[in-house]
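Source file: final26.txt. Holds: compact mmCIF, C-alpha atoms.
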```txt
# COMPACT_ATOMS: atom_id res chain seq x y z
CA MET T 1 -28.92 5.65 0.22
CA GLU T 2 -29.93 4.01 3.45
CA ARG T 3 -27.27 3.85 6.10
CA LYS T 4 -25.72 0.41 6.49
CA ILE T 5 -25.63 -1.08 9.96
CA ARG T 6 -21.97 -1.76 10.82
CA VAL T 7 -21.29 -4.55 13.28
CA LEU T 8 -18.06 -5.66 14.93
CA VAL T 9 -18.07 -9.38 15.69
CA ALA T 10 -15.31 -10.27 18.11
CA LYS T 11 -14.22 -13.13 20.29
CA PRO T 12 -12.77 -11.98 23.58
CA GLY T 13 -10.76 -14.42 25.64
CA LEU T 14 -8.82 -17.53 24.92
CA ASP T 15 -11.25 -20.13 23.64
CA GLY T 16 -10.79 -21.15 20.02
CA HIS T 17 -14.40 -21.87 19.15
CA ASP T 18 -15.36 -19.39 16.49
CA ARG T 19 -17.94 -21.37 14.53
CA GLY T 20 -20.76 -19.52 16.28
CA ALA T 21 -19.19 -16.13 15.62
CA LYS T 22 -18.75 -16.99 11.94
CA VAL T 23 -22.35 -18.20 11.61
CA ILE T 24 -23.52 -14.93 13.13
CA ALA T 25 -21.22 -12.87 10.90
CA ARG T 26 -22.63 -14.58 7.83
CA ALA T 27 -26.24 -14.25 8.96
CA LEU T 28 -25.80 -10.53 9.61
CA ARG T 29 -24.14 -10.08 6.23
CA ASN T 30 -27.05 -11.87 4.56
CA ALA T 31 -29.34 -9.46 6.38
CA GLY T 32 -27.53 -6.60 4.61
CA MET T 33 -25.22 -5.51 7.42
CA GLU T 34 -21.51 -4.80 7.15
CA VAL T 35 -19.70 -7.08 9.54
CA ILE T 36 -16.14 -6.52 10.63
CA TYR T 37 -14.83 -9.82 11.92
CA THR T 38 -11.70 -9.52 14.02
CA GLY T 39 -10.88 -13.13 14.74
CA LEU T 40 -9.94 -15.01 17.86
CA GLN T 41 -8.36 -14.10 21.18
CA GLN T 42 -9.13 -10.43 21.33
CA THR T 43 -8.40 -8.42 24.44
CA PRO T 44 -11.08 -5.93 25.54
CA GLN T 45 -8.66 -3.14 24.53
CA MET T 46 -8.31 -4.55 21.00
CA ILE T 47 -12.08 -4.90 20.65
CA VAL T 48 -12.85 -1.36 21.75
CA GLU T 49 -10.07 0.13 19.64
CA ALA T 50 -11.33 -1.77 16.56
CA ALA T 51 -14.91 -0.67 17.26
CA LEU T 52 -13.72 2.93 17.54
CA GLN T 53 -11.69 2.90 14.31
CA GLU T 54 -14.46 1.15 12.39
CA ASP T 55 -17.15 3.44 13.83
CA VAL T 56 -19.53 0.52 14.32
CA ASP T 57 -23.14 0.75 15.48
CA VAL T 58 -23.13 -2.68 17.11
CA ILE T 59 -20.63 -4.95 18.85
CA GLY T 60 -21.36 -8.69 19.00
CA LEU T 61 -19.22 -10.57 21.50
CA SER T 62 -18.99 -14.35 21.33
CA ILE T 63 -17.50 -16.05 24.35
CA LEU T 64 -17.46 -19.71 25.33
CA SER T 65 -14.53 -19.76 27.72
CA GLY T 66 -16.45 -18.99 30.89
CA ALA T 67 -14.53 -15.76 31.44
CA HIS T 68 -17.47 -13.58 30.43
CA MET T 69 -17.95 -12.02 33.88
CA THR T 70 -14.39 -10.65 33.68
CA LEU T 71 -14.05 -9.76 30.02
CA LEU T 72 -17.48 -8.38 29.11
CA PRO T 73 -17.66 -5.82 31.94
CA LYS T 74 -14.15 -4.74 30.96
CA VAL T 75 -15.28 -4.12 27.37
CA MET T 76 -18.24 -2.08 28.65
CA GLN T 77 -15.99 -0.06 30.97
CA LEU T 78 -13.57 0.77 28.14
CA LEU T 79 -16.49 1.78 25.89
CA ARG T 80 -17.71 4.17 28.59
CA GLU T 81 -14.21 5.63 28.95
CA GLN T 82 -14.18 6.31 25.20
CA GLY T 83 -17.63 7.89 25.34
CA MET T 84 -19.00 5.14 23.12
CA THR T 85 -22.14 4.48 25.14
CA ASP T 86 -24.35 4.73 22.06
CA VAL T 87 -22.92 1.51 20.63
CA LEU T 88 -25.29 -1.45 21.02
CA VAL T 89 -23.50 -4.39 22.63
CA VAL T 90 -24.88 -7.93 22.47
CA ALA T 91 -23.27 -11.13 23.68
CA GLY T 92 -23.57 -14.78 22.81
CA GLY T 93 -22.17 -18.04 24.13
CA ILE T 94 -22.39 -20.21 27.22
CA ILE T 95 -23.65 -17.67 29.72
CA SER T 96 -25.98 -18.64 32.56
CA ASP T 97 -29.28 -16.81 33.05
CA GLU T 98 -28.04 -15.32 36.33
CA ASP T 99 -24.87 -14.00 34.73
CA ALA T 100 -26.83 -12.71 31.74
CA GLU T 101 -29.11 -10.79 34.10
CA ILE T 102 -26.14 -9.15 35.82
CA LEU T 103 -24.42 -8.33 32.53
CA LYS T 104 -27.58 -6.62 31.29
CA ARG T 105 -28.60 -4.88 34.51
CA GLU T 106 -25.24 -3.80 35.88
CA HIS T 107 -22.97 -3.54 32.87
CA GLY T 108 -25.15 -2.36 30.02
CA ILE T 109 -25.00 -5.38 27.70
CA ALA T 110 -28.21 -4.99 25.69
CA GLU T 111 -29.01 -8.67 25.25
CA VAL T 112 -27.45 -12.10 25.73
CA PHE T 113 -28.18 -14.83 23.20
CA GLY T 114 -27.59 -18.34 24.50
CA PRO T 115 -27.28 -21.63 22.63
CA GLY T 116 -30.26 -22.32 20.38
CA SER T 117 -30.99 -18.64 19.65
CA SER T 118 -32.18 -18.17 16.09
CA THR T 119 -30.12 -15.91 13.88
CA GLN T 120 -33.35 -14.17 12.87
CA ALA T 121 -34.01 -13.24 16.51
CA ILE T 122 -30.54 -11.66 16.70
CA ILE T 123 -31.04 -9.78 13.42
CA ASP T 124 -34.44 -8.52 14.57
CA PHE T 125 -33.07 -7.43 17.94
CA ILE T 126 -30.24 -5.48 16.31
CA ARG T 127 -32.55 -3.82 13.79
CA SER T 128 -34.99 -2.67 16.47
CA ASN T 129 -32.41 -1.47 18.98
CA VAL T 130 -29.58 0.02 16.97
CA GLN T 131 -29.13 3.79 17.13
CA LEU T 132 -28.40 5.02 13.66
CA THR T 133 -28.65 8.64 14.67
CA ARG T 134 -25.56 8.60 16.85
CA GLY T 135 -24.19 12.06 17.41
CA MET Z 1 -21.01 19.09 15.84
CA SER Z 2 -20.22 21.06 12.69
CA GLU Z 3 -18.16 19.54 9.90
CA HIS Z 4 -15.42 22.08 10.60
CA GLU Z 5 -15.26 21.16 14.26
CA LEU Z 6 -15.14 17.48 13.35
CA VAL Z 7 -12.22 18.08 11.01
CA THR Z 8 -10.43 20.20 13.63
CA ARG Z 9 -10.75 17.36 16.14
CA LEU Z 10 -9.60 14.84 13.56
CA ARG Z 11 -6.53 16.94 12.83
CA ASN Z 12 -5.81 17.08 16.55
CA GLY Z 13 -5.46 13.33 16.50
CA GLU Z 14 -8.87 12.35 17.89
CA ARG Z 15 -9.30 8.90 16.46
CA ARG Z 16 -13.01 8.81 17.05
CA ALA Z 17 -13.51 12.03 15.09
CA LEU Z 18 -11.55 10.47 12.22
CA ALA Z 19 -13.65 7.29 12.40
CA ARG Z 20 -16.88 9.29 12.38
CA ALA Z 21 -15.74 11.51 9.54
CA ILE Z 22 -14.99 8.45 7.40
CA SER Z 23 -18.52 7.14 8.03
CA LEU Z 24 -19.92 10.47 6.90
CA VAL Z 25 -17.95 10.61 3.65
CA GLU Z 26 -18.75 6.97 3.00
CA HIS Z 27 -22.42 7.80 3.18
CA GLY Z 28 -22.01 10.61 0.65
CA GLY Z 29 -24.22 13.65 0.13
CA PRO Z 30 -23.90 17.29 1.22
CA VAL Z 31 -22.52 16.50 4.71
CA ALA Z 32 -19.80 14.36 3.18
CA ARG Z 33 -18.86 17.17 0.85
CA ALA Z 34 -18.65 19.67 3.70
CA VAL Z 35 -16.33 17.33 5.62
CA MET Z 36 -14.18 16.86 2.53
CA ALA Z 37 -14.01 20.59 1.89
CA ALA Z 38 -12.71 21.17 5.41
CA ALA Z 39 -10.16 18.34 5.33
CA TYR Z 40 -8.91 18.51 1.78
CA PRO Z 41 -6.21 21.21 2.15
CA TYR Z 42 -4.51 19.27 4.96
CA ALA Z 43 -4.24 15.89 3.28
CA GLN Z 44 -0.55 15.36 2.60
CA ALA Z 45 0.37 11.71 2.54
CA HIS Z 46 2.11 9.23 0.32
CA ARG Z 47 -0.64 6.86 -0.81
CA VAL Z 48 0.42 3.25 -1.32
CA GLY Z 49 -2.03 0.97 -3.13
CA ILE Z 50 -1.73 -2.79 -2.68
CA THR Z 51 -3.61 -5.14 -4.95
CA GLY Z 52 -3.39 -8.69 -6.21
CA PRO Z 53 -5.45 -11.86 -6.48
CA PRO Z 54 -7.38 -13.25 -3.51
CA GLY Z 55 -5.15 -15.36 -1.30
CA ALA Z 56 -1.93 -13.68 -2.38
CA GLY Z 57 -1.35 -12.56 1.19
CA LYS Z 58 -2.18 -8.88 0.78
CA SER Z 59 -3.49 -8.29 4.31
CA THR Z 60 -0.51 -10.07 5.83
CA LEU Z 61 1.85 -8.09 3.63
CA VAL Z 62 0.12 -4.82 4.55
CA THR Z 63 0.61 -5.73 8.21
CA ALA Z 64 4.28 -6.54 7.72
CA LEU Z 65 4.88 -3.34 5.74
CA ALA Z 66 3.08 -1.26 8.36
CA GLN Z 67 5.28 -2.85 11.02
CA GLU Z 68 8.38 -1.94 9.00
CA TRP Z 69 7.25 1.68 8.71
CA ARG Z 70 6.47 1.72 12.42
CA ARG Z 71 10.01 0.47 13.16
CA ARG Z 72 11.19 3.53 11.23
CA GLY Z 73 8.94 5.71 13.36
CA VAL Z 74 6.40 6.49 10.64
CA PRO Z 75 2.66 6.43 11.49
CA VAL Z 76 0.58 4.39 9.04
CA GLY Z 77 -3.08 4.55 8.07
CA ILE Z 78 -4.70 1.57 6.34
CA VAL Z 79 -7.89 1.35 4.29
CA ALA Z 80 -8.87 -2.25 3.52
CA VAL Z 81 -11.59 -2.76 0.91
CA ASP Z 82 -13.57 -6.00 0.64
CA PRO Z 83 -16.49 -6.77 -1.65
CA SER Z 84 -20.13 -6.46 -0.61
CA SER Z 85 -22.53 -9.28 -1.33
CA PRO Z 86 -24.35 -8.46 -4.56
CA PHE Z 87 -27.47 -10.15 -3.14
CA SER Z 88 -27.92 -8.75 0.35
CA GLY Z 89 -25.69 -5.67 0.12
CA GLY Z 90 -24.04 -6.85 3.33
CA ALA Z 91 -20.40 -7.74 3.74
CA VAL Z 92 -18.03 -9.61 5.99
CA LEU Z 93 -14.85 -7.58 6.29
CA GLY Z 94 -12.10 -9.84 7.55
CA ASP Z 95 -8.87 -8.01 6.85
CA ARG Z 96 -8.43 -7.09 10.51
CA ILE Z 97 -7.97 -10.78 11.37
CA ARG Z 98 -4.55 -10.65 9.71
CA MET Z 99 -3.75 -7.25 11.15
CA GLN Z 100 -3.97 -8.12 14.84
CA ALA Z 101 -0.25 -7.54 15.29
CA LEU Z 102 -0.93 -3.83 14.70
CA GLY Z 103 -3.51 -3.65 17.50
CA GLY Z 104 -2.84 -1.28 20.35
CA ASP Z 105 -0.41 0.92 18.39
CA PRO Z 106 -1.64 4.54 18.37
CA GLY Z 107 0.55 5.13 15.31
CA VAL Z 108 -1.72 2.87 13.26
CA PHE Z 109 -5.29 3.48 12.12
CA ILE Z 110 -7.14 0.73 10.25
CA ARG Z 111 -10.48 1.12 8.50
CA SER Z 112 -12.38 -1.62 6.68
CA MET Z 113 -14.63 -0.59 3.80
CA ALA Z 114 -17.22 -2.58 1.88
CA SER Z 115 -17.49 -1.99 -1.83
CA ARG Z 116 -21.27 -1.52 -1.43
CA GLY Z 117 -21.77 -2.14 -5.12
CA ARG Z 118 -21.94 1.57 -5.81
CA MET Z 119 -21.87 2.35 -9.47
CA GLY Z 120 -18.37 3.69 -9.89
CA GLY Z 121 -18.52 5.25 -6.44
CA LEU Z 122 -16.17 2.89 -4.68
CA ALA Z 123 -13.08 4.68 -5.86
CA ARG Z 124 -14.54 8.00 -4.72
CA ALA Z 125 -15.44 6.81 -1.21
CA THR Z 126 -12.08 5.12 -0.79
CA ALA Z 127 -10.15 8.15 -2.01
CA ASP Z 128 -12.12 10.33 0.42
CA ALA Z 129 -11.37 8.03 3.36
CA VAL Z 130 -7.69 8.15 2.43
CA THR Z 131 -7.83 11.95 2.30
CA LEU Z 132 -9.29 12.08 5.82
CA ILE Z 133 -6.68 9.71 7.25
CA ALA Z 134 -3.98 11.81 5.59
CA ALA Z 135 -5.50 14.97 7.04
CA ALA Z 136 -5.33 13.32 10.47
CA GLY Z 137 -1.55 13.34 10.11
CA PHE Z 138 -0.64 9.89 8.80
CA PRO Z 139 2.23 10.39 6.31
CA ILE Z 140 1.74 6.92 4.80
CA VAL Z 141 -1.71 5.60 3.89
CA ILE Z 142 -1.97 2.05 2.53
CA ILE Z 143 -5.01 1.09 0.45
CA GLU Z 144 -5.64 -2.65 0.15
CA THR Z 145 -8.04 -4.01 -2.45
CA VAL Z 146 -8.92 -7.29 -4.08
CA GLY Z 147 -7.51 -7.13 -7.57
CA ALA Z 148 -10.54 -8.55 -9.29
CA GLY Z 149 -12.19 -5.81 -11.29
CA GLN Z 150 -12.10 -2.38 -12.80
CA ASP Z 151 -13.06 -0.65 -9.56
CA GLU Z 152 -9.99 -2.10 -7.91
CA VAL Z 153 -7.76 -0.89 -10.73
CA ASP Z 154 -9.33 2.55 -10.23
CA ILE Z 155 -8.53 2.46 -6.53
CA ALA Z 156 -4.98 1.41 -7.20
CA GLN Z 157 -4.75 4.42 -9.42
CA THR Z 158 -5.69 6.76 -6.62
CA ALA Z 159 -2.34 5.76 -5.10
CA ASP Z 160 1.02 7.43 -5.60
CA THR Z 161 2.77 4.06 -5.50
CA THR Z 162 0.97 0.87 -6.52
CA ILE Z 163 2.26 -2.51 -5.35
CA VAL Z 164 0.96 -5.61 -7.15
CA VAL Z 165 1.30 -8.80 -5.12
CA GLU Z 166 1.77 -12.16 -6.78
CA VAL Z 167 2.45 -15.65 -5.48
CA PRO Z 168 4.38 -18.53 -7.02
CA GLY Z 169 2.44 -21.15 -8.91
CA MET Z 170 -0.47 -19.10 -10.19
CA GLY Z 171 -0.14 -20.64 -13.65
CA ASP Z 172 2.37 -20.73 -16.47
CA ASP Z 173 1.91 -17.20 -17.64
CA VAL Z 174 1.13 -15.50 -14.36
CA GLN Z 175 -2.49 -15.56 -15.44
CA SER Z 176 -3.82 -13.33 -12.75
CA ILE Z 177 -1.93 -10.23 -13.79
CA LYS Z 178 -3.24 -10.15 -17.30
CA ALA Z 179 -6.13 -7.85 -16.61
CA GLY Z 180 -4.29 -4.57 -16.60
CA MET Z 181 -2.33 -5.25 -13.43
CA LEU Z 182 0.97 -5.21 -15.26
CA GLU Z 183 0.44 -1.65 -16.36
CA ILE Z 184 -0.53 -0.22 -12.99
CA ALA Z 185 2.29 -1.75 -10.93
CA ASP Z 186 5.10 0.49 -9.70
CA ILE Z 187 6.48 -2.37 -7.61
CA PHE Z 188 5.90 -6.11 -7.95
CA VAL Z 189 6.11 -8.32 -4.91
CA VAL Z 190 6.20 -12.09 -5.19
CA ASN Z 191 4.91 -13.08 -1.78
CA LYS Z 192 5.17 -16.52 -0.14
CA ALA Z 193 8.74 -16.66 -1.47
CA ASP Z 194 9.46 -19.67 0.74
CA ARG Z 195 7.39 -21.76 -1.65
CA PRO Z 196 8.67 -23.55 -4.72
CA GLY Z 197 8.54 -21.75 -8.05
CA VAL Z 198 9.57 -18.29 -6.85
CA ASP Z 199 12.45 -17.90 -9.28
CA GLN Z 200 10.23 -18.86 -12.16
CA THR Z 201 7.52 -16.38 -11.20
CA VAL Z 202 10.07 -13.59 -10.76
CA ARG Z 203 11.61 -14.42 -14.12
CA GLN Z 204 8.24 -14.44 -15.87
CA LEU Z 205 7.30 -11.09 -14.38
CA ARG Z 206 10.60 -9.53 -15.46
CA THR Z 207 10.14 -10.92 -18.96
CA MET Z 208 6.62 -9.54 -19.20
CA LEU Z 209 7.82 -6.17 -17.98
CA GLN Z 210 10.58 -6.09 -20.58
CA LEU Z 211 8.12 -7.01 -23.32
CA GLY Z 212 6.03 -4.05 -22.28
CA GLY Z 213 8.94 -1.69 -22.96
CA ALA Z 214 10.09 1.22 -20.84
CA SER Z 215 7.39 3.07 -18.95
CA ALA Z 216 6.50 6.57 -20.01
CA ASP Z 217 7.78 8.18 -16.83
CA GLY Z 218 11.15 6.41 -16.81
CA TRP Z 219 10.51 4.16 -13.84
CA SER Z 220 11.18 0.46 -14.23
CA PRO Z 221 9.13 -1.49 -11.67
CA PRO Z 222 11.33 -3.69 -9.48
CA VAL Z 223 10.29 -7.30 -8.88
CA LEU Z 224 10.88 -8.10 -5.20
CA THR Z 225 10.26 -11.19 -3.11
CA ALA Z 226 8.80 -11.41 0.38
CA VAL Z 227 7.58 -13.79 3.05
CA ALA Z 228 4.96 -11.58 4.65
CA THR Z 229 4.33 -13.97 7.55
CA THR Z 230 7.91 -13.51 8.78
CA GLY Z 231 8.49 -9.98 7.52
CA GLU Z 232 11.28 -11.15 5.21
CA GLY Z 233 11.83 -8.74 2.32
CA CYS Z 234 9.61 -6.00 3.78
CA ALA Z 235 12.47 -3.59 4.47
CA GLN Z 236 13.39 -3.78 0.77
CA ILE Z 237 9.77 -3.10 -0.24
CA VAL Z 238 9.55 -0.06 2.00
CA ASP Z 239 12.89 1.12 0.55
CA ALA Z 240 11.47 0.63 -2.96
CA VAL Z 241 8.39 2.71 -2.08
CA GLU Z 242 10.74 5.41 -0.81
CA HIS Z 243 12.77 5.25 -4.05
CA HIS Z 244 9.61 5.53 -6.08
CA ARG Z 245 8.49 8.51 -4.06
CA GLN Z 246 11.84 10.19 -4.68
CA HIS Z 247 11.58 9.32 -8.35
CA LEU Z 248 8.18 11.01 -8.54
CA VAL Z 249 9.50 14.18 -6.96
CA ARG Z 250 12.97 14.28 -8.49
CA ASP Z 251 12.06 13.58 -12.08
CA GLY Z 252 9.17 15.97 -12.15
CA VAL Z 253 6.83 13.05 -12.69
CA HIS Z 254 4.90 13.96 -9.62
CA ALA Z 255 3.30 17.08 -11.02
CA GLY Z 256 1.96 15.13 -13.98
CA ARG Z 257 0.72 12.27 -11.85
CA THR Z 258 -0.79 14.58 -9.27
CA ARG Z 259 -2.64 16.32 -12.07
CA LEU Z 260 -3.86 12.99 -13.39
CA LEU Z 261 -5.12 11.97 -9.96
CA ALA Z 262 -6.68 15.39 -9.46
CA GLU Z 263 -8.55 15.09 -12.73
CA ARG Z 264 -9.76 11.63 -11.76
CA GLU Z 265 -11.04 13.02 -8.49
CA LEU Z 266 -12.83 15.78 -10.35
CA VAL Z 267 -14.42 13.29 -12.74
CA ALA Z 268 -15.64 11.19 -9.81
CA ALA Z 269 -17.07 14.24 -8.05
CA VAL Z 270 -18.81 15.48 -11.21
CA GLN Z 271 -20.29 12.03 -11.78
CA GLU Z 272 -21.57 11.83 -8.25
CA LEU Z 273 -23.12 15.29 -8.25
CA ILE Z 274 -24.76 14.84 -11.64
CA LEU Z 275 -26.19 11.46 -10.71
CA GLU Z 276 -27.44 12.82 -7.41
CA ARG Z 277 -29.26 15.63 -9.22
CA LEU Z 278 -30.69 13.53 -12.02
CA ARG Z 279 -31.95 10.58 -10.03
CA GLY Z 280 -35.66 10.79 -9.38
CA GLN Z 281 -38.98 9.72 -10.77
CA ARG Z 282 -38.12 10.48 -14.39
CA TRP Z 283 -34.84 8.58 -13.96
CA GLU Z 284 -36.73 5.48 -12.84
CA GLU Z 285 -39.18 5.77 -15.75
CA LEU Z 286 -36.33 6.05 -18.22
CA VAL Z 287 -34.61 3.00 -16.73
CA SER Z 288 -37.82 1.03 -17.32
CA GLU Z 289 -38.10 2.31 -20.86
CA ILE Z 290 -34.49 1.34 -21.60
CA ALA Z 291 -35.01 -2.08 -20.02
CA SER Z 292 -37.95 -2.76 -22.31
CA ARG Z 293 -36.04 -1.34 -25.31
CA ARG Z 294 -38.58 1.38 -25.90
CA ARG Z 295 -35.76 3.89 -25.64
CA ASP Z 296 -31.99 3.79 -26.01
CA PRO Z 297 -29.71 4.91 -23.18
CA TYR Z 298 -28.18 7.81 -25.15
CA ALA Z 299 -31.56 9.35 -25.91
CA ALA Z 300 -32.52 8.93 -22.27
CA ALA Z 301 -29.28 10.56 -21.10
CA SER Z 302 -29.81 13.48 -23.48
CA GLU Z 303 -33.31 13.99 -22.17
CA LEU Z 304 -32.08 14.02 -18.56
CA LEU Z 305 -29.23 16.42 -19.24
CA ASP Z 306 -30.92 18.77 -21.68
CA GLY Z 307 -34.18 18.87 -19.75
```

Full structure transcribed into structure tokens:
Amino acid sequence: MERKIRVLVAKPGLDGHDRGAKVIARALRNAGMEVIYTGLQQTPQMIVEAALQEDVDVIGLSILSGAHMTLLPKVMQLLREQGMTDVLVVAGGIISDEDAEILKREHGIAEVFGPGSSTQAIIDFIRSNVQLTRG
Amino acid sequence: MSEHELVTRLRNGERRALARAISLVEHGGPVARAVMAAAYPYAQAHRVGITGPPGAGKSTLVTALAQEWRRRGVPVGIVAVDPSSPFSGGAVLGDRIRMQALGGDPGVFIRSMASRGRMGGLARATADAVTLIAAAGFPIVIIETVGAGQDEVDIAQTADTTIVVEVPGMGDDVQSIKAGMLEIADIFVVNKADRPGVDQTVRQLRTMLQLGGASADGWSPPVLTAVATTGEGCAQIVDAVEHHRQHLVRDGVHAGRTRLLAERELVAAVQELILERLRGQRWEELVSEIASRRRDPYAAASELLDG
């Protein structure tokens, strides 16, 4: 049996706009992945603890509140503290190109998908970058 | 890392080792069996199954019950099972949305599992995950399933205490519990008890239970009410689980039930091992022959088993 890709889809921060996260969750499910959806208003601690318990391969963070430069680096720092550096982290939402560059270069976010990204592009990115041989 | 080392770390309370071990047993195969062999002797927990129709408030009730056990100082593990899509094999597992109140408590471990459409293997994978969480030192492990099919009844029966959740207004004859749910319940909970029709639902359940006669092991399932969103009634449910546990031990029922569960586990393991050995090219050919009615399934099974 092939190993299923497990993905945590979470919304850090205080905005209540989860349509995008739900569309992504559904698209990933339809691509055969197991998606754990945690709902709104997650703290970085809650997200990392859920990712740890669920032993996910991928974390997808949706954020539209503008607080991404605070919350996303915090998630990455907590993942490093837990030794979970092999988890692929992608982000989506209203994130400027400059911020996206910093998040990728300095904080280890693998990719940032802005408005208008196709779900197929996200699926393809996850499939080609996920590490299913995590030790 | 060896399977033994993984299990040692899991028993020392390393949550990541537990999470990884569950992934391994979920995947099945020889590695899974090595992990299980190492963990099995240490799994001592009271297993509480919670099932009921979709929308009955199971996840919310699980959360409220876990909070009640936490108030009493008892660590709680939770396994929440949701169905996989039969088309893509993927799944959206959303039980954690309702369980946010448990976040950040090191005395709680939650794992979501997809049914993955395995043929009869869901109960096995779930039971194994429960065994690992128990081996990690959680004295109570709650298993939450959608009460929609045979697999879910099987899972409920891997529990020591099974709670069936109902809500008021599900139809005149409590339609949703017809499919065997009445027989597997050790405790009934009518959730959303702040809605109209509670008394009627409770009355109907009690009547149906009386019609069924006394249970073989001398336990009469209580019918309790709860409002899971506020926690109302949850202390009584936890008390009832405790009474049932004492009943199992005191009245010598436990040995019989433990044996029953043990045999079920053995059957599941035998099934899995046999299927793993028999699947192959000839298996696929036989499936095609059965599909086109050139051969019947019993003849095909005999050929596979007798060589």

Show me, as CSV, the residues of chain Z having an atom within 10 Å of chain T, each with the closest atom pair and its distance in Å, using only C-alpha atoms.
```
residue,atom,partner,partner_atom,distance
Z:Met1,CA,T:Gly135,CA,7.9
Z:Arg15,CA,T:Gln53,CA,6.8
Z:Arg16,CA,T:Leu52,CA,5.9
Z:Ala17,CA,T:Gln53,CA,9.3
Z:Leu18,CA,T:Gln53,CA,7.9
Z:Ala19,CA,T:Gln53,CA,5.2
Z:Arg20,CA,T:Asp55,CA,6.0
Z:Ala21,CA,T:Asp55,CA,9.2
Z:Ile22,CA,T:Asp55,CA,8.4
Z:Ser23,CA,T:Asp55,CA,7.0
Z:Leu24,CA,T:Arg3,CA,9.9
Z:Glu26,CA,T:Arg3,CA,9.6
Z:His27,CA,T:Arg3,CA,6.9
Z:Gly28,CA,T:Met1,CA,8.5
Z:Gly29,CA,T:Met1,CA,9.3
Z:Ser84,CA,T:Glu34,CA,8.1
Z:Ser85,CA,T:Arg29,CA,7.8
Z:Pro86,CA,T:Gly32,CA,9.9
Z:Phe87,CA,T:Asn30,CA,7.9
Z:Ser88,CA,T:Gly32,CA,4.8
Z:Gly89,CA,T:Gly32,CA,4.9
Z:Gly90,CA,T:Gly32,CA,3.7
Z:Ala91,CA,T:Glu34,CA,4.6
Z:Val92,CA,T:Val35,CA,4.7
Z:Leu93,CA,T:Ile36,CA,4.7
Z:Gly94,CA,T:Tyr37,CA,5.2
Z:Asp95,CA,T:Thr38,CA,7.9
Z:Arg96,CA,T:Thr38,CA,5.4
Z:Ile97,CA,T:Thr38,CA,4.7
Z:Arg98,CA,T:Thr38,CA,8.4
Z:Met99,CA,T:Thr38,CA,8.8
Z:Gln100,CA,T:Thr38,CA,7.9
Z:Leu102,CA,T:Met46,CA,9.7
Z:Gly103,CA,T:Met46,CA,6.0
Z:Gly104,CA,T:Met46,CA,6.4
Z:Asp105,CA,T:Glu49,CA,9.8
Z:Pro106,CA,T:Glu49,CA,9.6
Z:Phe109,CA,T:Gln53,CA,6.8
Z:Ile110,CA,T:Gln53,CA,6.5
Z:Arg111,CA,T:Glu54,CA,5.6
Z:Ser112,CA,T:Glu54,CA,6.7
Z:Met113,CA,T:Glu34,CA,8.7
Z:Ala114,CA,T:Glu34,CA,7.1
Z:Arg116,CA,T:Glu34,CA,9.2
```

Output file for the residues above (C-alpha atoms, as a CSV table (one decimal), in the coordinates of the input):
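Saved the output as again.csv:
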```csv
chain,number,residue,atom,x,y,z
Z,1,MET,CA,-21.0,19.1,15.8
Z,15,ARG,CA,-9.3,8.9,16.5
Z,16,ARG,CA,-13.0,8.8,17.0
Z,17,ALA,CA,-13.5,12.0,15.1
Z,18,LEU,CA,-11.6,10.5,12.2
Z,19,ALA,CA,-13.6,7.3,12.4
Z,20,ARG,CA,-16.9,9.3,12.4
Z,21,ALA,CA,-15.7,11.5,9.5
Z,22,ILE,CA,-15.0,8.4,7.4
Z,23,SER,CA,-18.5,7.1,8.0
Z,24,LEU,CA,-19.9,10.5,6.9
Z,26,GLU,CA,-18.8,7.0,3.0
Z,27,HIS,CA,-22.4,7.8,3.2
Z,28,GLY,CA,-22.0,10.6,0.6
Z,29,GLY,CA,-24.2,13.6,0.1
Z,84,SER,CA,-20.1,-6.5,-0.6
Z,85,SER,CA,-22.5,-9.3,-1.3
Z,86,PRO,CA,-24.4,-8.5,-4.6
Z,87,PHE,CA,-27.5,-10.2,-3.1
Z,88,SER,CA,-27.9,-8.8,0.4
Z,89,GLY,CA,-25.7,-5.7,0.1
Z,90,GLY,CA,-24.0,-6.8,3.3
Z,91,ALA,CA,-20.4,-7.7,3.7
Z,92,VAL,CA,-18.0,-9.6,6.0
Z,93,LEU,CA,-14.8,-7.6,6.3
Z,94,GLY,CA,-12.1,-9.8,7.6
Z,95,ASP,CA,-8.9,-8.0,6.8
Z,96,ARG,CA,-8.4,-7.1,10.5
Z,97,ILE,CA,-8.0,-10.8,11.4
Z,98,ARG,CA,-4.6,-10.6,9.7
Z,99,MET,CA,-3.8,-7.2,11.2
Z,100,GLN,CA,-4.0,-8.1,14.8
Z,102,LEU,CA,-0.9,-3.8,14.7
Z,103,GLY,CA,-3.5,-3.6,17.5
Z,104,GLY,CA,-2.8,-1.3,20.4
Z,105,ASP,CA,-0.4,0.9,18.4
Z,106,PRO,CA,-1.6,4.5,18.4
Z,109,PHE,CA,-5.3,3.5,12.1
Z,110,ILE,CA,-7.1,0.7,10.2
Z,111,ARG,CA,-10.5,1.1,8.5
Z,112,SER,CA,-12.4,-1.6,6.7
Z,113,MET,CA,-14.6,-0.6,3.8
Z,114,ALA,CA,-17.2,-2.6,1.9
Z,116,ARG,CA,-21.3,-1.5,-1.4
```

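Nearest to Thr63 of chain Z of all the residues Z:Ala228, Z:Ala301, Z:Ala127, Z:Leu205 is Z:Ala228, counting only C-alpha atoms.
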
task: Extract, using only C-alpha atoms, all DNA, RNA and protein residues at most 12 Å from Asp239 of chain Z, discarding same-chain residues fewer than 6 positions from it, and format them as a list in words.
output: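 Surrounding residues, per the criterion: Leu65, Glu68, Trp69, Arg72, Ile187, Pro222, Leu224, Gly233, Arg245 and Gln246 of chain Z.
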